[in-house]
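Presented below is the structure to which this report refers.
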Amino acid sequence: YKIKRNIYKNKTGNKILFEEINEDLQVSFRYQWTFSEKFGFVKKSILSNLSDETLEIEFLDGIRNILPYGVASELQNSKSTLVDAYKKNELDQESGLGIFSLSAMIVDKAEASEALKATCVWSVGIEAEKHLLSTGQLDKFRYGSEIRNETEIRAERGAYLINGHLNLAAKTDKEWYIVSDLNQSHADLIELKALLSDKSNLKHLLEADIDK
């Protein structure tokens, strides 16, 4: 395909945007990284139909290699394979909340050490038909094969990928957000799940906090 790629950032440097324009398919995809004090790291995705006709699109978008709580830089850099063996990736199907944790804290002593916090990831702005918690099915998607929903994956690097279909009218955009946060306790996850139960105003709350 004939493509163009661009990178943009704002003057303060707290927003960076990557863009790829496919001139053959007349489609562009942009994703922006920014931050929210309340919600955490925010990835905003914008899919644009540049053509004069409606396009039927199947999408898969998200974040790869999500680290759970309790993995410091030294541990990840020196024992990443061991860390992978402890990883537990779960999906709350009702809310679409991805929860990434360790099955136990990795310690050098013969004692129990529970992992009581997690990294969480969720999306808003687009309807996800399926969620993936790992990258094991990416090649299936790339080659047009059917992928299955993942609700629990153990001993693999975490990912949060959303999959679905949409009809994009000529000269229109579709945007959505994927949001991640660190060090989330059980209470934090329960509060977040309650917030995700009604997403009608969630996009506005997220955008307002980013602007703030």
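Letters A, B, ... mark the chains of the structure tokens in the order given; residue numbers begin at 1 per chain; ligand numbers begin at 1, in order shown.
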
Point to revise | Within 6 Å of Lys117 in chain A using only C-alpha atoms, minus same-chain residues under 2 positions, as a ChimeraX atom specification | key: /A:69,115,183-185

Exercise for review: Once DSSP has gone over the backbone, tell me which residues of range 6-189 of chain A are in helix (DSSP H, G or I), as a list in words.
Suggested key: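 The residues of range 6-189 of chain A classed as helix (DSSP H, G or I) are Ser73, Glu74, Leu75, Gln76, Asn77, Ser78, Lys79, Ser80, Thr81, Leu82, Val83, Asp84, Ala85, Tyr86, Leu138, Asp139, Lys140, Phe141, Arg142, His186, Ala187, Asp188 and Leu189 of chain A.
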
Point to revise | Which residue of A:Ser51, A:Asn89, A:Asn6, A:Asn201 approaches Leu132 in chain A most closely, using only C-alpha atoms | key: A:Asn89

Practice item. Tell me which protein, DNA and RNA residues are within 12 Å of Leu202 in chain A, counting only C-alpha atoms, leaving out same-chain ones fewer than 2 positions away, and put them as an MDAnalysis selection string. Key: chainID A and resid 39 122:125 176:177 179 192 194:200 204:209

Nearby residues (only C-alpha atoms) at most 12 Å from Thr135 in chain A, same-chain spacing under 3 positions excluded, as a PDB file with N, CA, C and O atoms, in the first residue's frame:
ATOM      1  N   LEU A  60      -9.162  -3.961  15.217  1.00  0.00           N
ATOM      2  CA  LEU A  60      -8.564  -4.517  16.427  1.00  0.00           C
ATOM      3  C   LEU A  60      -7.554  -3.495  16.913  1.00  0.00           C
ATOM      4  O   LEU A  60      -6.643  -3.126  16.187  1.00  0.00           O
ATOM      5  N   ASP A  61      -7.737  -3.028  18.136  1.00  0.00           N
ATOM      6  CA  ASP A  61      -6.909  -1.937  18.646  1.00  0.00           C
ATOM      7  C   ASP A  61      -6.672  -2.158  20.134  1.00  0.00           C
ATOM      8  O   ASP A  61      -7.509  -2.736  20.828  1.00  0.00           O
ATOM      9  N   GLY A  62      -5.543  -1.690  20.629  1.00  0.00           N
ATOM     10  CA  GLY A  62      -5.314  -1.825  22.060  1.00  0.00           C
ATOM     11  C   GLY A  62      -3.880  -1.588  22.477  1.00  0.00           C
ATOM     12  O   GLY A  62      -3.125  -0.882  21.810  1.00  0.00           O
ATOM     13  N   ILE A  63      -3.495  -2.224  23.577  1.00  0.00           N
ATOM     14  CA  ILE A  63      -2.183  -2.045  24.198  1.00  0.00           C
ATOM     15  C   ILE A  63      -1.569  -3.414  24.430  1.00  0.00           C
ATOM     16  O   ILE A  63      -2.244  -4.336  24.906  1.00  0.00           O
ATOM     17  N   ARG A  64      -0.290  -3.539  24.142  1.00  0.00           N
ATOM     18  CA  ARG A  64       0.426  -4.806  24.332  1.00  0.00           C
ATOM     19  C   ARG A  64       1.393  -4.704  25.503  1.00  0.00           C
ATOM     20  O   ARG A  64       1.795  -3.630  25.910  1.00  0.00           O
ATOM     21  N   ASN A  65       1.777  -5.892  26.012  1.00  0.00           N
ATOM     22  CA  ASN A  65       2.808  -6.026  27.054  1.00  0.00           C
ATOM     23  C   ASN A  65       2.502  -5.154  28.270  1.00  0.00           C
ATOM     24  O   ASN A  65       3.303  -4.309  28.672  1.00  0.00           O
ATOM     25  N   ILE A  66       1.344  -5.371  28.857  1.00  0.00           N
ATOM     26  CA  ILE A  66       0.914  -4.621  30.045  1.00  0.00           C
ATOM     27  C   ILE A  66       1.540  -5.246  31.284  1.00  0.00           C
ATOM     28  O   ILE A  66       1.381  -6.446  31.544  1.00  0.00           O
ATOM     29  N   ASN A  89      -4.104 -12.469  33.678  1.00  0.00           N
ATOM     30  CA  ASN A  89      -4.867 -11.466  32.935  1.00  0.00           C
ATOM     31  C   ASN A  89      -6.336 -11.882  32.933  1.00  0.00           C
ATOM     32  O   ASN A  89      -6.666 -12.972  32.480  1.00  0.00           O
ATOM     33  N   HIS A 131     -12.852  -9.201  23.299  1.00  0.00           N
ATOM     34  CA  HIS A 131     -11.654  -8.693  23.959  1.00  0.00           C
ATOM     35  C   HIS A 131     -10.570  -9.776  23.903  1.00  0.00           C
ATOM     36  O   HIS A 131     -10.856 -10.960  24.078  1.00  0.00           O
ATOM     37  N   LEU A 132      -9.335  -9.347  23.707  1.00  0.00           N
ATOM     38  CA  LEU A 132      -8.187 -10.238  23.805  1.00  0.00           C
ATOM     39  C   LEU A 132      -7.318  -9.771  24.967  1.00  0.00           C
ATOM     40  O   LEU A 132      -7.091  -8.572  25.142  1.00  0.00           O
ATOM     41  N   LEU A 138      -3.225 -12.637  17.267  1.00  0.00           N
ATOM     42  CA  LEU A 138      -3.035 -11.524  16.339  1.00  0.00           C
ATOM     43  C   LEU A 138      -2.869 -11.994  14.894  1.00  0.00           C
ATOM     44  O   LEU A 138      -3.414 -11.393  13.966  1.00  0.00           O
ATOM     45  N   ASP A 139      -2.121 -13.069  14.690  1.00  0.00           N
ATOM     46  CA  ASP A 139      -1.940 -13.555  13.323  1.00  0.00           C
ATOM     47  C   ASP A 139      -3.258 -14.060  12.736  1.00  0.00           C
ATOM     48  O   ASP A 139      -3.493 -13.933  11.526  1.00  0.00           O
ATOM     49  N   LYS A 140      -4.117 -14.653  13.566  1.00  0.00           N
ATOM     50  CA  LYS A 140      -5.436 -15.072  13.086  1.00  0.00           C
ATOM     51  C   LYS A 140      -6.198 -13.870  12.542  1.00  0.00           C
ATOM     52  O   LYS A 140      -6.816 -13.925  11.481  1.00  0.00           O
ATOM     53  N   PHE A 141      -6.172 -12.768  13.293  1.00  0.00           N
ATOM     54  CA  PHE A 141      -6.865 -11.555  12.836  1.00  0.00           C
ATOM     55  C   PHE A 141      -6.251 -11.032  11.544  1.00  0.00           C
ATOM     56  O   PHE A 141      -6.962 -10.655  10.619  1.00  0.00           O
ATOM     57  N   ARG A 142      -4.933 -11.003  11.488  1.00  0.00           N
ATOM     58  CA  ARG A 142      -4.240 -10.459  10.314  1.00  0.00           C
ATOM     59  C   ARG A 142      -4.600 -11.230   9.043  1.00  0.00           C
ATOM     60  O   ARG A 142      -4.669 -10.649   7.953  1.00  0.00           O
ATOM     61  N   ILE A 147     -11.480 -14.997  15.475  1.00  0.00           N
ATOM     62  CA  ILE A 147     -10.809 -15.000  16.770  1.00  0.00           C
ATOM     63  C   ILE A 147     -11.858 -15.198  17.860  1.00  0.00           C
ATOM     64  O   ILE A 147     -13.030 -14.908  17.677  1.00  0.00           O
ATOM     65  N   GLU A 150     -11.379 -13.708  24.892  1.00  0.00           N
ATOM     66  CA  GLU A 150     -10.535 -14.215  25.974  1.00  0.00           C
ATOM     67  C   GLU A 150     -10.981 -13.582  27.298  1.00  0.00           C
ATOM     68  O   GLU A 150     -11.088 -12.360  27.391  1.00  0.00           O
ATOM     69  N   ILE A 153      -6.321 -15.370  30.965  1.00  0.00           N
ATOM     70  CA  ILE A 153      -5.075 -15.872  30.399  1.00  0.00           C
ATOM     71  C   ILE A 153      -4.029 -15.845  31.512  1.00  0.00           C
ATOM     72  O   ILE A 153      -3.857 -14.832  32.191  1.00  0.00           O
ATOM     73  N   GLU A 156       1.220 -15.495  30.594  1.00  0.00           N
ATOM     74  CA  GLU A 156       1.552 -14.837  29.326  1.00  0.00           C
ATOM     75  C   GLU A 156       1.553 -13.333  29.517  1.00  0.00           C
ATOM     76  O   GLU A 156       0.856 -12.807  30.396  1.00  0.00           O
ATOM     77  N   ARG A 157       2.302 -12.643  28.682  1.00  0.00           N
ATOM     78  CA  ARG A 157       2.342 -11.180  28.742  1.00  0.00           C
ATOM     79  C   ARG A 157       0.955 -10.618  28.450  1.00  0.00           C
ATOM     80  O   ARG A 157       0.293 -11.038  27.513  1.00  0.00           O
ATOM     81  N   GLY A 158       0.551  -9.666  29.257  1.00  0.00           N
ATOM     82  CA  GLY A 158      -0.797  -9.126  29.156  1.00  0.00           C
ATOM     83  C   GLY A 158      -0.964  -8.181  27.980  1.00  0.00           C
ATOM     84  O   GLY A 158      -0.047  -7.473  27.558  1.00  0.00           O
ATOM     85  N   ALA A 159      -2.177  -8.178  27.428  1.00  0.00           N
ATOM     86  CA  ALA A 159      -2.566  -7.222  26.397  1.00  0.00           C
ATOM     87  C   ALA A 159      -4.048  -6.915  26.595  1.00  0.00           C
ATOM     88  O   ALA A 159      -4.787  -7.718  27.173  1.00  0.00           O
ATOM     89  N   TYR A 160      -4.453  -5.761  26.117  1.00  0.00           N
ATOM     90  CA  TYR A 160      -5.877  -5.411  26.132  1.00  0.00           C
ATOM     91  C   TYR A 160      -6.209  -4.947  24.726  1.00  0.00           C
ATOM     92  O   TYR A 160      -5.831  -3.849  24.310  1.00  0.00           O
ATOM     93  N   LEU A 161      -6.891  -5.822  23.983  1.00  0.00           N
ATOM     94  CA  LEU A 161      -7.207  -5.546  22.581  1.00  0.00           C
ATOM     95  C   LEU A 161      -8.704  -5.684  22.379  1.00  0.00           C
ATOM     96  O   LEU A 161      -9.315  -6.664  22.828  1.00  0.00           O
ATOM     97  N   ILE A 162      -9.299  -4.690  21.724  1.00  0.00           N
ATOM     98  CA  ILE A 162     -10.734  -4.719  21.455  1.00  0.00           C
ATOM     99  C   ILE A 162     -10.958  -4.970  19.967  1.00  0.00           C
ATOM    100  O   ILE A 162     -10.230  -4.455  19.115  1.00  0.00           O
TER     101      ILE A 162
END

Practice item. Identify, on the basis of only C-alpha atoms, every residue whose closest approach to range 18-34 of chain A does not exceed 6 Å; exclude the query and any residue fewer than 5 positions from it along the same chain; express the result as a PyMOL selection string. Key: chain A and resi 2-7+42-51

Point to revise | Nearest-residue call for Gly70 in chain A, choices A:Glu94, A:Glu191, A:Glu114, A:Asp52, using only C-alpha atoms | key: A:Glu114

Practice item. Can you work out which one of A:Ala72, A:Ala128, A:Ala155, A:Leu67 has the shortest atom-to-atom distance to Gln93 in chain A, counting only C-alpha atoms? Key: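 Result for the nearest residue to Gln93 in chain A: A:Ala128.
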
Check your understanding: What does the distance from CA of Ile190 in chain A to CA of Gly40 in chain A come to in Å, to one decimal?
Key ->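 According to the coordinates, CA of Ile190 in chain A and CA of Gly40 in chain A are separated by 16.4 Å.
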
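Across the model, the gap from CA of Lys79 in chain A to CA of Leu116 in chain A is 21.0 Å.
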
Practice item. Using CA of Ser180 in chain A and CA of Glu74 in chain A as the two end points, give the distance in Å to one decimal. Key: 22.2 Å

**Study point:** Nearest-residue call for Leu133 in chain A, choices A:Glu37, A:Asp188, A:Glu146, A:Glu90, using only C-alpha atoms
**Key:** A:Glu90

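Considering the residues A:Val107, A:Leu75, A:Cys120, A:Leu168 and counting only C-alpha atoms, Leu91 in chain A has its shortest atom-to-atom contact with A:Cys120.
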
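Distances from A:Glu53, A:Glu152, A:Asp211, A:Glu127 to Lys174 in chain A were compared using only C-alpha atoms, and the smallest one belongs to A:Glu127.
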
Sel. of strand (DSSP E or B) residues, range 10-135 of chain A, as an mmCIF file with N, CA, C and O atoms, in the first residue's frame:
data_model
loop_
_atom_site.group_PDB
_atom_site.id
_atom_site.type_symbol
_atom_site.label_atom_id
_atom_site.label_comp_id
_atom_site.auth_asym_id
_atom_site.auth_seq_id
_atom_site.Cartn_x
_atom_site.Cartn_y
_atom_site.Cartn_z
ATOM 1 N N ILE A 16 1.086 13.383 22.388
ATOM 2 C CA ILE A 16 1.808 12.988 21.180
ATOM 3 C C ILE A 16 0.867 12.152 20.323
ATOM 4 O O ILE A 16 0.117 11.322 20.844
ATOM 5 N N LEU A 17 0.887 12.406 19.013
ATOM 6 C CA LEU A 17 -0.066 11.767 18.113
ATOM 7 C C LEU A 17 0.663 11.146 16.928
ATOM 8 O O LEU A 17 1.482 11.796 16.284
ATOM 9 N N PHE A 18 0.371 9.869 16.648
ATOM 10 C CA PHE A 18 0.928 9.140 15.517
ATOM 11 C C PHE A 18 -0.160 8.984 14.458
ATOM 12 O O PHE A 18 -1.303 8.680 14.784
ATOM 13 N N GLU A 19 0.220 9.174 13.196
ATOM 14 C CA GLU A 19 -0.758 9.111 12.109
ATOM 15 C C GLU A 19 -0.222 8.264 10.967
ATOM 16 O O GLU A 19 0.945 8.383 10.593
ATOM 17 N N GLU A 20 -1.106 7.394 10.417
ATOM 18 C CA GLU A 20 -0.789 6.671 9.190
ATOM 19 C C GLU A 20 -1.943 6.850 8.214
ATOM 20 O O GLU A 20 -3.098 6.580 8.551
ATOM 21 N N ILE A 21 -1.628 7.328 7.007
ATOM 22 C CA ILE A 21 -2.629 7.545 5.959
ATOM 23 C C ILE A 21 -2.399 6.518 4.862
ATOM 24 O O ILE A 21 -1.318 6.462 4.261
ATOM 25 N N ASN A 22 -3.411 5.693 4.602
ATOM 26 C CA ASN A 22 -3.346 4.713 3.512
ATOM 27 C C ASN A 22 -4.042 5.321 2.300
ATOM 28 O O ASN A 22 -5.268 5.398 2.247
ATOM 29 N N VAL A 27 -8.044 5.554 3.810
ATOM 30 C CA VAL A 27 -8.338 5.451 5.244
ATOM 31 C C VAL A 27 -7.131 5.985 6.012
ATOM 32 O O VAL A 27 -5.984 5.795 5.592
ATOM 33 N N SER A 28 -7.397 6.667 7.117
ATOM 34 C CA SER A 28 -6.302 7.062 7.995
ATOM 35 C C SER A 28 -6.584 6.583 9.415
ATOM 36 O O SER A 28 -7.750 6.476 9.823
ATOM 37 N N PHE A 29 -5.522 6.283 10.145
ATOM 38 C CA PHE A 29 -5.636 5.900 11.552
ATOM 39 C C PHE A 29 -4.665 6.748 12.350
ATOM 40 O O PHE A 29 -3.487 6.854 12.001
ATOM 41 N N ARG A 30 -5.173 7.366 13.392
ATOM 42 C CA ARG A 30 -4.353 8.174 14.291
ATOM 43 C C ARG A 30 -4.558 7.677 15.719
ATOM 44 O O ARG A 30 -5.661 7.304 16.093
ATOM 45 N N TYR A 31 -3.490 7.695 16.496
ATOM 46 C CA TYR A 31 -3.667 7.438 17.930
ATOM 47 C C TYR A 31 -2.797 8.403 18.726
ATOM 48 O O TYR A 31 -1.671 8.709 18.359
ATOM 49 N N GLN A 32 -3.379 8.877 19.808
ATOM 50 C CA GLN A 32 -2.763 9.916 20.629
ATOM 51 C C GLN A 32 -2.594 9.413 22.058
ATOM 52 O O GLN A 32 -3.505 8.821 22.632
ATOM 53 N N TRP A 33 -1.411 9.657 22.614
ATOM 54 C CA TRP A 33 -1.173 9.366 24.028
ATOM 55 C C TRP A 33 -1.235 10.655 24.830
ATOM 56 O O TRP A 33 -0.626 11.661 24.462
ATOM 57 N N THR A 34 -1.981 10.611 25.913
ATOM 58 C CA THR A 34 -2.037 11.736 26.831
ATOM 59 C C THR A 34 -2.353 11.193 28.228
ATOM 60 O O THR A 34 -2.342 9.982 28.441
ATOM 61 N N PHE A 35 -2.623 12.086 29.173
ATOM 62 C CA PHE A 35 -2.739 11.660 30.568
ATOM 63 C C PHE A 35 -3.916 12.334 31.251
ATOM 64 O O PHE A 35 -4.290 13.454 30.920
ATOM 65 N N SER A 36 -4.474 11.625 32.224
ATOM 66 C CA SER A 36 -5.566 12.128 33.042
ATOM 67 C C SER A 36 -5.210 11.902 34.502
ATOM 68 O O SER A 36 -4.808 10.792 34.885
ATOM 69 N N GLY A 40 -5.687 8.055 34.493
ATOM 70 C CA GLY A 40 -4.404 7.439 34.160
ATOM 71 C C GLY A 40 -3.925 7.729 32.748
ATOM 72 O O GLY A 40 -4.129 8.816 32.204
ATOM 73 N N PHE A 41 -3.277 6.745 32.131
ATOM 74 C CA PHE A 41 -2.743 6.865 30.769
ATOM 75 C C PHE A 41 -3.886 6.696 29.772
ATOM 76 O O PHE A 41 -4.652 5.736 29.871
ATOM 77 N N VAL A 42 -3.960 7.597 28.792
ATOM 78 C CA VAL A 42 -5.096 7.594 27.860
ATOM 79 C C VAL A 42 -4.599 7.481 26.422
ATOM 80 O O VAL A 42 -3.803 8.298 25.957
ATOM 81 N N LYS A 43 -5.094 6.464 25.736
ATOM 82 C CA LYS A 43 -4.837 6.314 24.306
ATOM 83 C C LYS A 43 -6.124 6.640 23.561
ATOM 84 O O LYS A 43 -7.138 5.973 23.748
ATOM 85 N N LYS A 44 -6.079 7.686 22.723
ATOM 86 C CA LYS A 44 -7.234 8.067 21.908
ATOM 87 C C LYS A 44 -6.981 7.626 20.476
ATOM 88 O O LYS A 44 -5.954 7.962 19.886
ATOM 89 N N SER A 45 -7.907 6.865 19.899
ATOM 90 C CA SER A 45 -7.782 6.374 18.528
ATOM 91 C C SER A 45 -8.816 7.042 17.637
ATOM 92 O O SER A 45 -9.974 7.201 18.047
ATOM 93 N N ILE A 46 -8.402 7.435 16.430
ATOM 94 C CA ILE A 46 -9.309 8.068 15.461
ATOM 95 C C ILE A 46 -9.154 7.365 14.116
ATOM 96 O O ILE A 46 -8.068 7.370 13.519
ATOM 97 N N LEU A 47 -10.228 6.749 13.647
ATOM 98 C CA LEU A 47 -10.246 6.092 12.345
ATOM 99 C C LEU A 47 -11.058 6.953 11.382
ATOM 100 O O LEU A 47 -12.203 7.300 11.683
ATOM 101 N N SER A 48 -10.485 7.322 10.239
ATOM 102 C CA SER A 48 -11.127 8.254 9.307
ATOM 103 C C SER A 48 -11.311 7.617 7.936
ATOM 104 O O SER A 48 -10.385 7.007 7.391
ATOM 105 N N ASN A 49 -12.506 7.793 7.398
ATOM 106 C CA ASN A 49 -12.813 7.374 6.024
ATOM 107 C C ASN A 49 -12.620 8.593 5.119
ATOM 108 O O ASN A 49 -13.398 9.542 5.167
ATOM 109 N N LEU A 55 -17.578 2.558 4.153
ATOM 110 C CA LEU A 55 -16.664 1.426 4.265
ATOM 111 C C LEU A 55 -17.094 0.507 5.409
ATOM 112 O O LEU A 55 -17.491 0.979 6.479
ATOM 113 N N GLU A 56 -17.020 -0.799 5.166
ATOM 114 C CA GLU A 56 -17.232 -1.787 6.213
ATOM 115 C C GLU A 56 -15.860 -2.180 6.763
ATOM 116 O O GLU A 56 -14.997 -2.648 6.017
ATOM 117 N N ILE A 57 -15.674 -1.990 8.054
ATOM 118 C CA ILE A 57 -14.350 -2.162 8.647
ATOM 119 C C ILE A 57 -14.428 -3.090 9.856
ATOM 120 O O ILE A 57 -15.318 -2.959 10.698
ATOM 121 N N GLU A 58 -13.492 -4.035 9.931
ATOM 122 C CA GLU A 58 -13.273 -4.789 11.163
ATOM 123 C C GLU A 58 -12.000 -4.241 11.800
ATOM 124 O O GLU A 58 -10.974 -4.114 11.138
ATOM 125 N N PHE A 59 -12.066 -3.907 13.079
ATOM 126 C CA PHE A 59 -10.934 -3.273 13.746
ATOM 127 C C PHE A 59 -10.430 -4.133 14.901
ATOM 128 O O PHE A 59 -11.169 -4.939 15.482
ATOM 129 N N LEU A 60 -9.162 -3.961 15.217
ATOM 130 C CA LEU A 60 -8.564 -4.517 16.427
ATOM 131 C C LEU A 60 -7.554 -3.495 16.913
ATOM 132 O O LEU A 60 -6.643 -3.126 16.187
ATOM 133 N N ASP A 61 -7.737 -3.028 18.136
ATOM 134 C CA ASP A 61 -6.909 -1.937 18.646
ATOM 135 C C ASP A 61 -6.672 -2.158 20.134
ATOM 136 O O ASP A 61 -7.509 -2.736 20.828
ATOM 137 N N GLY A 62 -5.543 -1.690 20.629
ATOM 138 C CA GLY A 62 -5.314 -1.825 22.060
ATOM 139 C C GLY A 62 -3.880 -1.588 22.477
ATOM 140 O O GLY A 62 -3.125 -0.882 21.810
ATOM 141 N N ILE A 63 -3.495 -2.224 23.577
ATOM 142 C CA ILE A 63 -2.183 -2.045 24.198
ATOM 143 C C ILE A 63 -1.569 -3.414 24.430
ATOM 144 O O ILE A 63 -2.244 -4.336 24.906
ATOM 145 N N ARG A 64 -0.290 -3.539 24.142
ATOM 146 C CA ARG A 64 0.426 -4.806 24.332
ATOM 147 C C ARG A 64 1.393 -4.704 25.503
ATOM 148 O O ARG A 64 1.795 -3.630 25.910
ATOM 149 N N ASN A 65 1.777 -5.892 26.012
ATOM 150 C CA ASN A 65 2.808 -6.026 27.054
ATOM 151 C C ASN A 65 2.502 -5.154 28.270
ATOM 152 O O ASN A 65 3.303 -4.309 28.672
ATOM 153 N N ILE A 66 1.344 -5.371 28.857
ATOM 154 C CA ILE A 66 0.914 -4.621 30.045
ATOM 155 C C ILE A 66 1.540 -5.246 31.284
ATOM 156 O O ILE A 66 1.381 -6.446 31.544
ATOM 157 N N LYS A 87 2.104 -14.032 35.728
ATOM 158 C CA LYS A 87 1.095 -13.063 35.281
ATOM 159 C C LYS A 87 -0.292 -13.704 35.172
ATOM 160 O O LYS A 87 -0.445 -14.847 34.750
ATOM 161 N N LYS A 88 -1.289 -12.910 35.534
ATOM 162 C CA LYS A 88 -2.693 -13.331 35.459
ATOM 163 C C LYS A 88 -3.493 -12.197 34.832
ATOM 164 O O LYS A 88 -3.537 -11.092 35.361
ATOM 165 N N ASN A 89 -4.104 -12.469 33.678
ATOM 166 C CA ASN A 89 -4.867 -11.466 32.935
ATOM 167 C C ASN A 89 -6.336 -11.882 32.933
ATOM 168 O O ASN A 89 -6.666 -12.972 32.480
ATOM 169 N N GLU A 90 -7.219 -11.009 33.426
ATOM 170 C CA GLU A 90 -8.631 -11.350 33.567
ATOM 171 C C GLU A 90 -9.502 -10.265 32.942
ATOM 172 O O GLU A 90 -9.129 -9.095 32.926
ATOM 173 N N LEU A 91 -10.679 -10.676 32.472
ATOM 174 C CA LEU A 91 -11.647 -9.745 31.911
ATOM 175 C C LEU A 91 -12.943 -9.825 32.700
ATOM 176 O O LEU A 91 -13.495 -10.912 32.901
ATOM 177 N N ASP A 92 -13.426 -8.671 33.156
ATOM 178 C CA ASP A 92 -14.770 -8.598 33.703
ATOM 179 C C ASP A 92 -15.709 -8.391 32.515
ATOM 180 O O ASP A 92 -15.759 -7.303 31.942
ATOM 181 N N LEU A 97 -13.797 -4.519 31.659
ATOM 182 C CA LEU A 97 -12.608 -4.097 32.397
ATOM 183 C C LEU A 97 -11.565 -5.202 32.386
ATOM 184 O O LEU A 97 -11.842 -6.337 32.779
ATOM 185 N N GLY A 98 -10.361 -4.869 31.935
ATOM 186 C CA GLY A 98 -9.242 -5.806 31.974
ATOM 187 C C GLY A 98 -8.448 -5.611 33.249
ATOM 188 O O GLY A 98 -8.112 -4.481 33.614
ATOM 189 N N ILE A 99 -8.139 -6.716 33.943
ATOM 190 C CA ILE A 99 -7.427 -6.666 35.218
ATOM 191 C C ILE A 99 -6.161 -7.503 35.078
ATOM 192 O O ILE A 99 -6.227 -8.708 34.788
ATOM 193 N N PHE A 100 -5.013 -6.875 35.308
ATOM 194 C CA PHE A 100 -3.722 -7.516 35.087
ATOM 195 C C PHE A 100 -2.946 -7.523 36.407
ATOM 196 O O PHE A 100 -2.618 -6.458 36.946
ATOM 197 N N SER A 101 -2.675 -8.724 36.924
ATOM 198 C CA SER A 101 -2.056 -8.841 38.237
ATOM 199 C C SER A 101 -1.072 -10.004 38.246
ATOM 200 O O SER A 101 -0.922 -10.736 37.257
ATOM 201 N N LEU A 102 -0.393 -10.186 39.375
ATOM 202 C CA LEU A 102 0.454 -11.346 39.601
ATOM 203 C C LEU A 102 -0.323 -12.353 40.445
ATOM 204 O O LEU A 102 -1.107 -11.971 41.318
ATOM 205 N N ALA A 118 -3.459 -4.253 41.197
ATOM 206 C CA ALA A 118 -3.451 -4.656 39.790
ATOM 207 C C ALA A 118 -3.337 -3.437 38.888
ATOM 208 O O ALA A 118 -3.567 -2.296 39.303
ATOM 209 N N THR A 119 -2.988 -3.691 37.633
ATOM 210 C CA THR A 119 -3.122 -2.707 36.564
ATOM 211 C C THR A 119 -4.478 -2.947 35.901
ATOM 212 O O THR A 119 -4.884 -4.099 35.721
ATOM 213 N N CYS A 120 -5.188 -1.879 35.569
ATOM 214 C CA CYS A 120 -6.496 -2.044 34.932
ATOM 215 C C CYS A 120 -6.530 -1.278 33.608
ATOM 216 O O CYS A 120 -5.859 -0.269 33.445
ATOM 217 N N VAL A 121 -7.314 -1.806 32.654
ATOM 218 C CA VAL A 121 -7.472 -1.185 31.334
ATOM 219 C C VAL A 121 -8.929 -1.310 30.919
ATOM 220 O O VAL A 121 -9.554 -2.350 31.144
ATOM 221 N N TRP A 122 -9.474 -0.246 30.303
ATOM 222 C CA TRP A 122 -10.865 -0.269 29.832
ATOM 223 C C TRP A 122 -10.998 0.636 28.623
ATOM 224 O O TRP A 122 -10.070 1.390 28.293
ATOM 225 N N SER A 123 -12.143 0.544 27.960
ATOM 226 C CA SER A 123 -12.358 1.349 26.760
ATOM 227 C C SER A 123 -13.724 2.016 26.798
ATOM 228 O O SER A 123 -14.639 1.551 27.476
ATOM 229 N N VAL A 124 -13.842 3.103 26.037
ATOM 230 C CA VAL A 124 -15.112 3.817 25.919
ATOM 231 C C VAL A 124 -15.143 4.501 24.559
ATOM 232 O O VAL A 124 -14.107 4.897 24.025
ATOM 233 N N LYS A 130 -15.456 -8.349 20.969
ATOM 234 C CA LYS A 130 -14.575 -9.317 21.622
ATOM 235 C C LYS A 130 -13.402 -8.589 22.262
ATOM 236 O O LYS A 130 -13.008 -7.505 21.821
ATOM 237 N N HIS A 131 -12.852 -9.201 23.299
ATOM 238 C CA HIS A 131 -11.654 -8.693 23.959
ATOM 239 C C HIS A 131 -10.570 -9.776 23.903
ATOM 240 O O HIS A 131 -10.856 -10.960 24.078
ATOM 241 N N LEU A 132 -9.335 -9.347 23.707
ATOM 242 C CA LEU A 132 -8.187 -10.238 23.805
ATOM 243 C C LEU A 132 -7.318 -9.771 24.967
ATOM 244 O O LEU A 132 -7.091 -8.572 25.142
#
